[in-house]
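Trainee: See coords.csv below, with CSV, C-alpha atoms.
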chain,number,residue,atom,x,y,z
C,20,MET,CA,128.2,90.0,78.3
C,21,THR,CA,125.4,87.6,79.2
C,22,LEU,CA,123.7,87.4,82.5
C,23,TYR,CA,124.8,83.8,82.8
C,24,GLU,CA,128.5,85.0,82.8
C,25,ILE,CA,127.7,87.5,85.6
C,26,VAL,CA,125.9,84.9,87.7
C,27,GLN,CA,128.9,82.6,87.4
C,28,SER,CA,131.6,85.1,88.1
C,29,LEU,CA,129.8,86.9,91.0
C,30,GLU,CA,128.2,83.7,92.4
C,31,LEU,CA,124.7,85.0,92.3
C,32,GLU,CA,121.9,82.9,93.4
C,33,VAL,CA,119.2,82.4,90.7
C,34,ARG,CA,115.8,82.6,92.4
C,35,ALA,CA,113.5,83.0,89.4
C,36,GLY,CA,113.7,83.5,85.6
C,37,ALA,CA,116.4,80.9,85.1
C,38,GLY,CA,115.3,80.5,81.5
C,39,SER,CA,116.4,84.0,80.6
C,40,LEU,CA,120.0,83.9,81.8
C,41,SER,CA,121.1,84.3,78.2
C,42,ASN,CA,119.9,87.9,78.3
C,43,GLU,CA,122.6,90.3,77.1
C,44,VAL,CA,123.5,92.8,79.8
C,45,ARG,CA,124.3,96.2,78.3
C,46,GLY,CA,124.8,98.3,81.5
C,47,GLY,CA,123.9,98.6,85.1
C,48,TYR,CA,121.5,100.7,87.2
C,49,ALA,CA,121.3,100.9,90.9
C,50,SER,CA,118.3,102.4,92.8
C,51,ASP,CA,115.8,101.5,95.4
C,52,LEU,CA,113.1,104.0,94.2
C,53,LEU,CA,111.1,102.3,91.6
C,54,SER,CA,109.9,105.7,90.3
C,55,ASP,CA,113.5,106.5,89.6
C,56,VAL,CA,114.2,103.2,87.8
C,57,LEU,CA,111.1,103.8,85.7
C,58,ALA,CA,112.4,107.2,84.8
C,59,ASN,CA,116.1,106.5,84.3
C,60,ALA,CA,117.1,102.9,83.8
C,61,GLN,CA,117.8,101.8,80.2
C,62,GLU,CA,116.9,98.7,78.3
C,63,GLY,CA,119.3,95.9,78.9
C,64,ASP,CA,120.5,97.2,82.3
C,65,LEU,CA,121.1,94.9,85.2
C,66,TRP,CA,119.3,96.5,88.1
C,67,VAL,CA,120.8,96.4,91.6
C,68,THR,CA,118.4,97.0,94.4
C,69,LEU,CA,117.3,96.0,97.9
C,70,GLN,CA,113.5,96.3,97.2
C,71,THR,CA,111.9,92.9,97.2
C,72,HIS,CA,108.3,94.0,96.3
C,73,GLN,CA,106.6,92.4,93.3
C,74,ASN,CA,106.4,95.8,91.6
C,75,THR,CA,110.1,95.4,90.9
C,76,VAL,CA,109.3,92.7,88.4
C,77,ALA,CA,106.7,94.8,86.6
C,78,VAL,CA,109.2,97.7,86.4
C,79,ALA,CA,112.0,95.5,85.0
C,80,SER,CA,109.5,94.1,82.5
C,81,MET,CA,108.3,97.5,81.4
C,82,LYS,CA,111.8,98.8,81.0
C,83,GLY,CA,113.2,95.7,79.3
C,84,LEU,CA,115.9,95.2,81.9
C,85,ALA,CA,118.2,92.3,81.7
C,86,GLY,CA,117.5,91.2,85.3
C,87,ILE,CA,117.3,92.2,89.0
C,88,VAL,CA,119.9,91.6,91.6
C,89,LEU,CA,118.9,91.8,95.2
C,90,VAL,CA,121.7,92.7,97.6
C,91,ASN,CA,122.6,91.7,101.1
C,92,GLY,CA,121.1,88.3,100.7
C,93,ARG,CA,117.6,89.7,100.7
C,94,ASN,CA,114.8,87.2,100.4
C,95,PRO,CA,112.3,88.0,97.6
C,96,GLU,CA,108.6,87.7,98.6
C,97,THR,CA,106.7,84.8,97.3
C,98,ASP,CA,104.5,86.8,94.9
C,99,THR,CA,107.6,88.5,93.6
C,100,LEU,CA,109.2,85.1,92.7
C,101,GLN,CA,105.9,84.0,91.1
C,102,LYS,CA,105.7,87.2,89.1
C,103,ALA,CA,109.3,86.9,88.0
C,104,GLU,CA,108.7,83.4,86.7
C,105,GLU,CA,105.6,84.6,84.8
C,106,GLU,CA,107.3,87.6,83.3
C,107,GLU,CA,110.5,85.6,82.7
C,108,ILE,CA,112.6,88.2,84.5
C,109,PRO,CA,115.8,86.8,86.1
C,110,LEU,CA,115.7,87.4,89.9
C,111,LEU,CA,119.1,87.0,91.4
C,112,VAL,CA,120.4,87.4,94.9
C,113,SER,CA,123.9,88.4,96.0
C,114,ALA,CA,125.2,88.1,99.6
C,115,LEU,CA,127.2,91.3,99.1
C,116,PRO,CA,126.1,94.8,100.0
C,117,SER,CA,125.3,97.2,97.1
C,118,PHE,CA,128.6,99.1,97.2
C,119,GLU,CA,130.7,95.9,96.9
C,120,LEU,CA,128.5,94.2,94.3
C,121,ILE,CA,128.4,97.3,92.0
C,122,GLY,CA,132.2,97.7,92.3
C,123,ARG,CA,132.7,94.2,91.1
C,124,LEU,CA,130.2,94.6,88.3
C,125,TYR,CA,132.0,97.7,87.2
C,126,LYS,CA,135.3,96.0,87.3
C,127,SER,CA,134.0,93.2,85.2
C,128,GLY,CA,133.3,95.8,82.4
C,129,LEU,CA,129.7,96.9,83.1
C,130,SER,CA,129.0,100.6,83.1
C,131,GLY,CA,126.1,102.8,84.2
C,132,ILE,CA,126.7,105.1,81.3
C,133,ARG,CA,126.2,104.2,77.7
C,134,ARG,CA,128.9,105.3,75.4
A,15,MET,CA,102.7,120.9,119.1
A,16,SER,CA,100.8,120.5,122.4
A,17,PRO,CA,97.4,118.6,122.3
A,18,PHE,CA,95.5,121.8,123.2
A,19,THR,CA,97.2,123.8,120.5
A,20,VAL,CA,96.4,121.2,117.9
A,21,ALA,CA,92.8,121.1,118.9
A,22,ARG,CA,92.4,124.8,119.2
A,23,LEU,CA,94.0,125.6,115.9
A,24,ALA,CA,92.0,122.9,114.1
A,25,ARG,CA,88.7,124.3,115.4
A,26,GLN,CA,89.7,127.9,114.7
A,27,ARG,CA,90.5,127.0,111.1
A,28,GLY,CA,87.0,125.5,110.7
A,29,LEU,CA,87.7,121.7,111.0
A,30,ASP,CA,85.1,119.4,112.5
A,31,VAL,CA,87.2,116.2,112.5
A,32,ILE,CA,90.9,115.6,112.6
A,33,ALA,CA,93.0,112.4,112.6
A,34,ILE,CA,96.1,112.2,114.8
A,35,CYS,CA,98.6,110.1,112.9
A,36,ASP,CA,102.1,110.3,114.3
A,37,HIS,CA,104.8,108.3,112.5
A,38,ASN,CA,104.5,104.7,113.7
A,39,SER,CA,102.9,105.8,117.0
A,40,ALA,CA,99.5,106.5,118.4
A,41,GLU,CA,100.5,107.5,121.9
A,42,ASN,CA,99.3,111.1,121.6
A,43,VAL,CA,95.8,110.4,120.4
A,44,THR,CA,94.1,110.3,123.8
A,45,ALA,CA,95.6,113.6,124.9
A,46,VAL,CA,94.4,115.4,121.8
A,47,ARG,CA,91.0,113.8,122.0
A,48,THR,CA,90.6,115.0,125.6
A,49,ALA,CA,91.7,118.5,124.6
A,50,ALA,CA,89.3,118.5,121.6
A,51,ARG,CA,86.2,117.3,123.4
A,52,PRO,CA,85.2,120.5,125.2
A,53,ILE,CA,85.5,122.5,122.0
A,54,GLY,CA,83.5,120.2,119.8
A,55,LEU,CA,86.2,118.8,117.7
A,56,ALA,CA,86.2,115.0,116.9
A,57,VAL,CA,89.5,113.2,116.9
A,58,ILE,CA,90.1,110.0,115.0
A,59,GLY,CA,92.9,107.8,116.2
A,60,GLY,CA,95.5,106.7,113.7
A,61,MET,CA,99.1,106.2,112.7
A,62,GLU,CA,101.2,106.9,109.7
A,63,ILE,CA,102.9,103.5,109.3
A,64,THR,CA,106.1,103.0,107.4
A,65,SER,CA,106.3,99.8,105.4
A,66,GLN,CA,109.6,98.0,104.7
A,67,GLU,CA,109.6,99.6,101.2
A,68,GLU,CA,109.5,103.0,103.1
A,69,VAL,CA,105.9,103.7,101.9
A,70,HIS,CA,103.8,105.7,104.3
A,71,VAL,CA,100.3,104.5,104.9
A,72,LEU,CA,97.7,106.1,107.1
A,73,GLY,CA,95.8,103.7,109.3
A,74,LEU,CA,92.6,105.2,110.8
A,75,PHE,CA,91.0,103.1,113.5
A,76,PRO,CA,87.4,102.9,114.8
A,77,GLU,CA,88.2,102.5,118.5
A,78,ASP,CA,90.9,102.7,121.1
A,79,ASP,CA,91.3,98.9,121.3
A,80,SER,CA,92.0,98.5,117.6
A,81,LEU,CA,94.4,101.4,117.6
A,82,ALA,CA,96.2,99.9,120.5
A,83,ALA,CA,96.4,96.6,118.8
A,84,ALA,CA,97.8,98.2,115.6
A,85,GLN,CA,100.3,100.1,117.8
A,86,ASP,CA,101.5,96.7,119.2
A,87,VAL,CA,102.0,95.2,115.8
A,88,VAL,CA,104.0,98.3,114.6
A,89,TYR,CA,106.2,98.4,117.7
A,90,GLU,CA,106.9,94.7,117.3
A,91,HIS,CA,108.1,95.3,113.8
A,92,LEU,CA,110.0,98.5,114.3
A,93,ALA,CA,113.7,98.4,115.2
A,94,GLY,CA,116.1,101.1,116.4
A,95,GLU,CA,116.4,103.7,119.0
A,96,ASN,CA,115.8,107.4,118.5
A,97,ASP,CA,118.6,109.9,118.7
A,98,PRO,CA,117.0,113.1,120.0
A,99,ASN,CA,119.9,115.2,118.7
A,100,MET,CA,119.2,114.0,115.1
A,101,PHE,CA,115.5,113.6,115.0
A,102,GLY,CA,114.3,115.6,118.0
A,103,GLU,CA,112.5,114.5,121.1
A,104,GLN,CA,109.4,112.3,120.5
A,105,LEU,CA,107.2,113.6,123.3
A,106,VAL,CA,104.2,111.8,124.6
A,107,MET,CA,101.8,114.0,126.4
A,108,ASN,CA,98.9,113.3,128.7
A,109,GLU,CA,95.4,114.8,129.1
A,110,GLN,CA,96.8,117.5,131.4
A,111,GLU,CA,99.2,118.8,128.8
A,112,LYS,CA,102.1,117.3,130.7
A,113,VAL,CA,105.0,115.5,129.0
A,114,ILE,CA,104.9,112.0,130.4
A,115,GLN,CA,107.6,110.4,128.2
A,116,SER,CA,110.1,110.8,125.4
A,117,ASN,CA,109.4,107.9,123.2
A,118,PRO,CA,112.7,106.0,122.8
A,119,LYS,CA,111.8,104.1,119.7
A,120,LEU,CA,113.1,105.2,116.3
A,121,LEU,CA,109.7,106.3,115.0
A,122,ILE,CA,111.2,107.8,111.8
A,123,GLY,CA,112.4,104.3,110.8
A,124,ALA,CA,110.7,101.7,108.7
A,125,THR,CA,108.9,98.6,110.0
A,126,ASP,CA,109.8,95.3,108.5
A,127,LEU,CA,106.2,94.8,107.4
A,128,THR,CA,105.6,94.7,103.6
A,129,LEU,CA,103.2,97.3,102.2
A,130,GLU,CA,100.7,94.4,101.8
A,131,ASP,CA,101.2,93.4,105.4
A,132,VAL,CA,100.5,97.0,106.6
A,133,VAL,CA,97.3,97.3,104.6
A,134,GLN,CA,96.2,93.8,105.8
A,135,THR,CA,97.0,94.6,109.4
A,136,ILE,CA,94.9,97.8,109.3
A,137,HIS,CA,92.0,96.0,107.7
A,138,GLU,CA,92.1,93.1,110.1
A,139,LEU,CA,91.7,95.6,112.9
A,140,GLY,CA,88.7,97.3,111.2
A,141,GLY,CA,90.7,100.4,110.1
A,142,LEU,CA,90.9,102.3,106.9
A,143,ALA,CA,94.1,102.2,104.9
A,144,ILE,CA,95.0,105.3,103.0
A,145,ALA,CA,98.3,105.7,101.0
A,146,SER,CA,99.9,109.0,102.3
A,147,HIS,CA,100.8,111.9,100.0
A,148,VAL,CA,100.9,109.9,96.8
A,149,ASP,CA,101.8,113.0,94.9
A,150,ARG,CA,105.1,113.6,96.8
A,151,PRO,CA,108.5,112.5,95.6
A,152,SER,CA,109.4,110.7,98.9
A,153,PHE,CA,107.9,108.0,101.1
A,154,SER,CA,104.9,107.6,98.9
A,155,VAL,CA,103.7,104.4,97.3
A,156,VAL,CA,104.4,106.0,93.9
A,157,SER,CA,107.9,107.2,94.6
A,158,GLN,CA,108.9,103.9,96.3
A,159,LEU,CA,107.1,101.4,94.2
A,160,GLY,CA,106.5,103.2,90.9
A,161,PHE,CA,102.8,102.7,90.9
A,162,ILE,CA,100.0,101.4,93.2
A,163,PRO,CA,100.3,97.5,93.3
A,164,GLN,CA,97.3,95.7,91.9
A,165,GLY,CA,95.0,94.2,94.5
A,166,LEU,CA,96.6,96.1,97.4
A,167,GLY,CA,93.1,97.0,98.7
A,168,LEU,CA,93.7,100.6,99.8
A,169,ASP,CA,90.6,102.5,100.9
A,170,ALA,CA,91.8,105.8,99.5
A,171,VAL,CA,94.9,107.8,98.5
A,172,GLU,CA,95.9,111.1,100.1
A,173,SER,CA,96.8,114.0,97.9
A,174,CYS,CA,98.9,116.9,99.2
A,175,SER,CA,97.8,119.3,96.4
A,176,ASP,CA,95.0,121.8,96.7
A,177,ARG,CA,93.1,120.5,93.7
A,178,VAL,CA,91.9,117.1,94.2
A,179,SER,CA,90.5,114.9,91.5
A,180,ALA,CA,87.7,112.4,92.2
A,181,SER,CA,90.0,109.4,92.1
A,182,ALA,CA,93.4,108.1,91.4
A,183,GLU,CA,93.7,104.8,89.6
A,184,GLY,CA,90.1,104.0,90.6
A,185,LEU,CA,90.7,104.8,94.3
A,186,PRO,CA,89.0,107.6,96.1
A,187,MET,CA,91.2,110.6,96.8
A,188,ILE,CA,91.3,112.7,99.9
A,189,SER,CA,93.3,115.8,100.6
A,190,SER,CA,94.8,116.7,104.0
A,191,SER,CA,97.4,119.0,105.4
A,192,ASP,CA,99.9,116.4,106.7
A,193,ALA,CA,100.5,119.0,109.3
A,194,HIS,CA,103.9,118.5,111.1
A,195,ARG,CA,103.8,122.1,112.5
A,196,PRO,CA,101.0,124.2,114.0
A,197,GLY,CA,101.0,126.6,111.0
A,198,GLN,CA,100.2,123.7,108.7
A,199,ILE,CA,97.0,122.6,110.5
A,200,GLY,CA,94.0,123.0,108.3
A,201,THR,CA,95.8,124.2,105.2
A,202,ARG,CA,94.0,121.4,103.3
A,203,CYS,CA,91.1,119.3,104.1
A,204,THR,CA,88.5,117.0,102.7
A,205,ARG,CA,84.7,117.6,103.0
A,206,PHE,CA,82.7,114.5,103.7
A,207,LEU,CA,78.9,114.3,103.7
A,208,ILE,CA,78.4,111.9,106.7
A,209,ASP,CA,76.1,111.5,109.7
A,210,ASP,CA,78.8,111.2,112.4
A,211,PRO,CA,82.6,111.6,112.5
A,212,THR,CA,83.2,107.8,112.6
A,213,ILE,CA,85.4,105.4,110.7
A,214,ALA,CA,82.3,103.5,109.6
A,215,GLU,CA,80.7,106.7,108.1
A,216,ILE,CA,84.0,107.9,106.5
A,217,GLY,CA,84.4,104.4,105.0
A,218,MET,CA,81.0,104.6,103.5
A,219,ALA,CA,81.7,108.1,102.1
A,220,LEU,CA,84.9,106.7,100.5
A,221,LYS,CA,82.9,104.0,98.8
A,222,ASN,CA,80.1,106.5,97.9
A,223,VAL,CA,77.3,104.4,99.4
A,224,GLY,CA,74.3,105.1,101.6
A,225,GLY,CA,74.2,108.7,100.6
A,226,ARG,CA,77.6,109.3,102.2
A,227,ARG,CA,80.2,110.8,99.9
A,228,ILE,CA,83.2,113.1,99.5
A,229,LEU,CA,82.0,116.7,98.6
A,230,MET,CA,84.2,117.8,95.7
A,231,GLU,CA,83.7,121.6,96.1
A,232,GLN,CA,86.3,123.0,98.4
As a first step, turn the structure in this file into structure tokens.

Mentor:
Amino acid sequence: MTLYEIVQSLELEVRAGAGSLSNEVRGGYASDLLSDVLANAQEGDLWVTLQTHQNTVAVASMKGLAGIVLVNGRNPETDTLQKAEEEEIPLLVSALPSFELIGRLYKSGLSGIRR
Amino acid sequence: MSPFTVARLARQRGLDVIAICDHNSAENVTAVRTAARPIGLAVIGGMEITSQEEVHVLGLFPEDDSLAAAQDVVYEHLAGENDPNMFGEQLVMNEQEKVIQSNPKLLIGATDLTLEDVVQTIHELGGLAIASHVDRPSFSVVSQLGFIPQGLGLDAVESCSDRVSASAEGLPMISSSDAHRPGQIGTRCTRFLIDDPTIAEIGMALKNVGGRRILMEQ
């Protein structure tokens, strides 16, 4: 499934990296500790987090993640947006809290475990 | 930990200078300094500030005014009320070793200041910004943010291991006990070659200028 389809179906706001919405999403990972994401997220994952710091973009780029979704309508910092544009990492915002958003992502066919 | 106990144990364990850095609060600094003065222990006023990313940063300040100003900024950005049953009483003590208040704020909480804002606030007030316990799996810049952001402008990082390397990612490294209980006081320390126990001198030692430096032998 592409990121664009997820953006449409879950009404995500695209804040940066709009040129990369054709990214294929292969799974999901949820964590607010960037050290944990570095250690455990897999390439192609859509990352759900509440961290708005610019290091999120570097982590997503390093791990080859499909994109970042901020929950609870969180507002990314200016340098985070700038970095996401530079690195072409889609930065999306959902008004939903993590639990609800992840539940809907799972229902739409995304899994946190690769088979 | 009463102010007198902190001062006495620090001195007994061979320390010349300590920094008092309660979580998001500086209200016990004066009492410890008063208890420490007669026994020749210098006390630096500081705070361990929690950023919105839940990164702990030590702010060490040169004088009472800058510490008070930092305290105001932190309180303004810190929400919530403490539940003493969950997190214990947050006692504020005076120079006479008397409890004068139980701080009602949720000091264990996070401010809504970004890590960058915290470091900038400390620097604007003339303080030193040191990332706390960077080698711990929780509340450290590395655990929360994966790595130290470029251009953050930290003055040093704090290690909680006994063996300290000269630097981490180009930043000077200090070691300290992060003592939360009397038994932990003085379990680790950093030796500085400085003239006086001031922020200015420690700042020079961290930069390795003017003959001031960190002594590597423990």

Trainee: Each residue of chain C lying at most 10 Å from chain A should get a row with its shortest atom-to-atom pair and the distance in Å to one decimal, counting only C-alpha atoms; could you produce that, ordered by chain and increasing number, as JSON lines?

Mentor:
{"residue": "C:Asp51", "atom": "CA", "partner": "A:Gln158", "partner_atom": "CA", "distance": 7.4}
{"residue": "C:Leu52", "atom": "CA", "partner": "A:Gln158", "partner_atom": "CA", "distance": 4.7}
{"residue": "C:Leu53", "atom": "CA", "partner": "A:Gly160", "partner_atom": "CA", "distance": 4.7}
{"residue": "C:Ser54", "atom": "CA", "partner": "A:Gly160", "partner_atom": "CA", "distance": 4.3}
{"residue": "C:Asp55", "atom": "CA", "partner": "A:Ser157", "partner_atom": "CA", "distance": 7.5}
{"residue": "C:Val56", "atom": "CA", "partner": "A:Gly160", "partner_atom": "CA", "distance": 8.3}
{"residue": "C:Leu57", "atom": "CA", "partner": "A:Gly160", "partner_atom": "CA", "distance": 7.0}
{"residue": "C:Ala58", "atom": "CA", "partner": "A:Gly160", "partner_atom": "CA", "distance": 9.4}
{"residue": "C:Leu69", "atom": "CA", "partner": "A:Glu67", "partner_atom": "CA", "distance": 9.1}
{"residue": "C:Gln70", "atom": "CA", "partner": "A:Glu67", "partner_atom": "CA", "distance": 6.5}
{"residue": "C:Thr71", "atom": "CA", "partner": "A:Glu67", "partner_atom": "CA", "distance": 8.1}
{"residue": "C:His72", "atom": "CA", "partner": "A:Glu67", "partner_atom": "CA", "distance": 7.6}
{"residue": "C:Gln73", "atom": "CA", "partner": "A:Pro163", "partner_atom": "CA", "distance": 8.1}
{"residue": "C:Asn74", "atom": "CA", "partner": "A:Leu159", "partner_atom": "CA", "distance": 6.2}
{"residue": "C:Thr75", "atom": "CA", "partner": "A:Leu159", "partner_atom": "CA", "distance": 7.5}
{"residue": "C:Ala77", "atom": "CA", "partner": "A:Gly160", "partner_atom": "CA", "distance": 9.4}
{"residue": "C:Val78", "atom": "CA", "partner": "A:Gly160", "partner_atom": "CA", "distance": 7.6}
{"residue": "C:Glu96", "atom": "CA", "partner": "A:Thr128", "partner_atom": "CA", "distance": 9.1}

Trainee: Let me see the file: selected residues, C-alpha atoms, as a PDB file, in the frame of the given file.

Mentor:
ATOM      1  CA  ASP C  51     115.800 101.500  95.400  1.00  0.00           C
ATOM      2  CA  LEU C  52     113.100 104.000  94.200  1.00  0.00           C
ATOM      3  CA  LEU C  53     111.100 102.300  91.600  1.00  0.00           C
ATOM      4  CA  SER C  54     109.900 105.700  90.300  1.00  0.00           C
ATOM      5  CA  ASP C  55     113.500 106.500  89.600  1.00  0.00           C
ATOM      6  CA  VAL C  56     114.200 103.200  87.800  1.00  0.00           C
ATOM      7  CA  LEU C  57     111.100 103.800  85.700  1.00  0.00           C
ATOM      8  CA  ALA C  58     112.400 107.200  84.800  1.00  0.00           C
ATOM      9  CA  LEU C  69     117.300  96.000  97.900  1.00  0.00           C
ATOM     10  CA  GLN C  70     113.500  96.300  97.200  1.00  0.00           C
ATOM     11  CA  THR C  71     111.900  92.900  97.200  1.00  0.00           C
ATOM     12  CA  HIS C  72     108.300  94.000  96.300  1.00  0.00           C
ATOM     13  CA  GLN C  73     106.600  92.400  93.300  1.00  0.00           C
ATOM     14  CA  ASN C  74     106.400  95.800  91.600  1.00  0.00           C
ATOM     15  CA  THR C  75     110.100  95.400  90.900  1.00  0.00           C
ATOM     16  CA  ALA C  77     106.700  94.800  86.600  1.00  0.00           C
ATOM     17  CA  VAL C  78     109.200  97.700  86.400  1.00  0.00           C
ATOM     18  CA  GLU C  96     108.600  87.700  98.600  1.00  0.00           C
TER      19      GLU C  96
END

Trainee: Find the spatial neighbours of Arg34 in chain C, counting only C-alpha atoms, within a cut-off of 10 Å - ignore same-chain residues fewer than 4 positions away - and output them as a PyMOL selection string.

Mentor: chain C and resi 88+94-95+100+103-104+109-112

Trainee: Could you state the separation of CA of Ala93 in chain A and CA of Pro116 in chain C in Å, given to one decimal place?

Mentor: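 CA of Ala93 in chain A sits 19.9 Å away from CA of Pro116 in chain C.
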
Trainee: Got a sec to check which residues sit within 8 Å of (94.7, 113.8, 102.2), counting only C-alpha atoms, and write them as a PyMOL selection string?

Mentor: chain A and resi 146-147+171-174+187-192+202-204

Trainee: With distances taken over only C-alpha atoms, which residue among C:Leu129, C:Ala114, C:Gln101, C:Tyr48 lies nearest Val76 in chain C?

Mentor: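 Smallest separation from Val76 in chain C among the options: C:Gln101.
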
Trainee: Would you list the contacts of Arg133 in chain C as number ranges by chain, taking every protein, DNA or RNA residue within 10 Å and counting all atoms listed in the file, but skipping same-chain residues closer than 4 positions in sequence?

Mentor: C: 45-47, 61, 129

Trainee: Quick one, how far is CA of Thr48 in chain A from CA of Ile32 in chain A?

Mentor: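 Interatomic distance, CA of Thr48 in chain A to CA of Ile32 in chain A: 13.0 Å.
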
Trainee: Please indicate the distance in Å from CA of Pro211 in chain A to CA of Ala33 in chain A, rounded to one decimal place.

Mentor: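 Rounded to one decimal, the two atoms are 10.4 Å apart.
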
Trainee: Please work out which residues fall within 10 Å of (129.5, 85.6, 80.8), coordinates as given in the file, with only C-alpha atoms counting, and return them as a count of residues only.

Mentor: 14

Trainee: Compile the contact shell of Ala49 in chain C as a PyMOL selection string: residues with an atom at most 10 Å away, counting only C-alpha atoms, same-chain residues fewer than 4 positions apart removed.

Mentor: chain C and resi 55-56+60+64-69+87-88+117-118+121+131

Trainee: For each of A:Thr44, A:Ser39, A:Asn222, A:Ser175, take the minimum atom-to-atom distance to Ala84 in chain A, counting only C-alpha atoms, then give the residue where this is smallest.

Mentor: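 Smallest separation from Ala84 in chain A among the options: A:Ser39.
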
Trainee: Can you fill out range 183-196 of chain A with N, CA and C atoms and hand it back as a PDB file, in the coordinates of the input?

Mentor:
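Listed below is the output, rebuild-v4.pdb:
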ATOM      1  N   GLU A 183      93.646 106.170  89.937  1.00  0.00           N
ATOM      2  CA  GLU A 183      93.700 104.800  89.600  1.00  0.00           C
ATOM      3  C   GLU A 183      92.510 104.001  90.216  1.00  0.00           C
ATOM      4  N   GLY A 184      91.350 104.615  90.143  1.00  0.00           N
ATOM      5  CA  GLY A 184      90.100 104.000  90.600  1.00  0.00           C
ATOM      6  C   GLY A 184      89.934 104.042  92.137  1.00  0.00           C
ATOM      7  N   LEU A 185      90.862 104.675  92.850  1.00  0.00           N
ATOM      8  CA  LEU A 185      90.700 104.800  94.300  1.00  0.00           C
ATOM      9  C   LEU A 185      90.226 106.199  94.654  1.00  0.00           C
ATOM     10  N   PRO A 186      89.386 106.302  95.684  1.00  0.00           N
ATOM     11  CA  PRO A 186      89.000 107.600  96.100  1.00  0.00           C
ATOM     12  C   PRO A 186      90.174 108.445  96.586  1.00  0.00           C
ATOM     13  N   MET A 187      90.122 109.750  96.390  1.00  0.00           N
ATOM     14  CA  MET A 187      91.200 110.600  96.800  1.00  0.00           C
ATOM     15  C   MET A 187      90.763 111.610  97.844  1.00  0.00           C
ATOM     16  N   ILE A 188      91.523 111.693  98.918  1.00  0.00           N
ATOM     17  CA  ILE A 188      91.300 112.700  99.900  1.00  0.00           C
ATOM     18  C   ILE A 188      92.433 113.703  99.892  1.00  0.00           C
ATOM     19  N   SER A 189      92.210 114.872 100.470  1.00  0.00           N
ATOM     20  CA  SER A 189      93.300 115.800 100.600  1.00  0.00           C
ATOM     21  C   SER A 189      93.410 116.187 102.079  1.00  0.00           C
ATOM     22  N   SER A 190      94.615 116.281 102.582  1.00  0.00           N
ATOM     23  CA  SER A 190      94.800 116.700 104.000  1.00  0.00           C
ATOM     24  C   SER A 190      96.097 117.434 104.124  1.00  0.00           C
ATOM     25  N   SER A 191      96.250 118.079 105.278  1.00  0.00           N
ATOM     26  CA  SER A 191      97.400 119.000 105.400  1.00  0.00           C
ATOM     27  C   SER A 191      98.698 118.279 105.708  1.00  0.00           C
ATOM     28  N   ASP A 192      98.644 117.049 106.237  1.00  0.00           N
ATOM     29  CA  ASP A 192      99.900 116.400 106.700  1.00  0.00           C
ATOM     30  C   ASP A 192     100.641 117.292 107.613  1.00  0.00           C
ATOM     31  N   ALA A 193      99.914 117.959 108.504  1.00  0.00           N
ATOM     32  CA  ALA A 193     100.500 119.000 109.300  1.00  0.00           C
ATOM     33  C   ALA A 193     101.560 118.422 110.292  1.00  0.00           C
ATOM     34  N   HIS A 194     102.794 118.888 110.163  1.00  0.00           N
ATOM     35  CA  HIS A 194     103.900 118.500 111.100  1.00  0.00           C
ATOM     36  C   HIS A 194     104.144 119.692 112.047  1.00  0.00           C
ATOM     37  N   ARG A 195     103.591 120.871 111.721  1.00  0.00           N
ATOM     38  CA  ARG A 195     103.800 122.100 112.500  1.00  0.00           C
ATOM     39  C   ARG A 195     102.446 122.786 112.680  1.00  0.00           C
ATOM     40  N   PRO A 196     102.281 123.587 113.754  1.00  0.00           N
ATOM     41  CA  PRO A 196     101.000 124.200 114.000  1.00  0.00           C
ATOM     42  C   PRO A 196     100.504 125.054 112.776  1.00  0.00           C
TER      43      PRO A 196
END
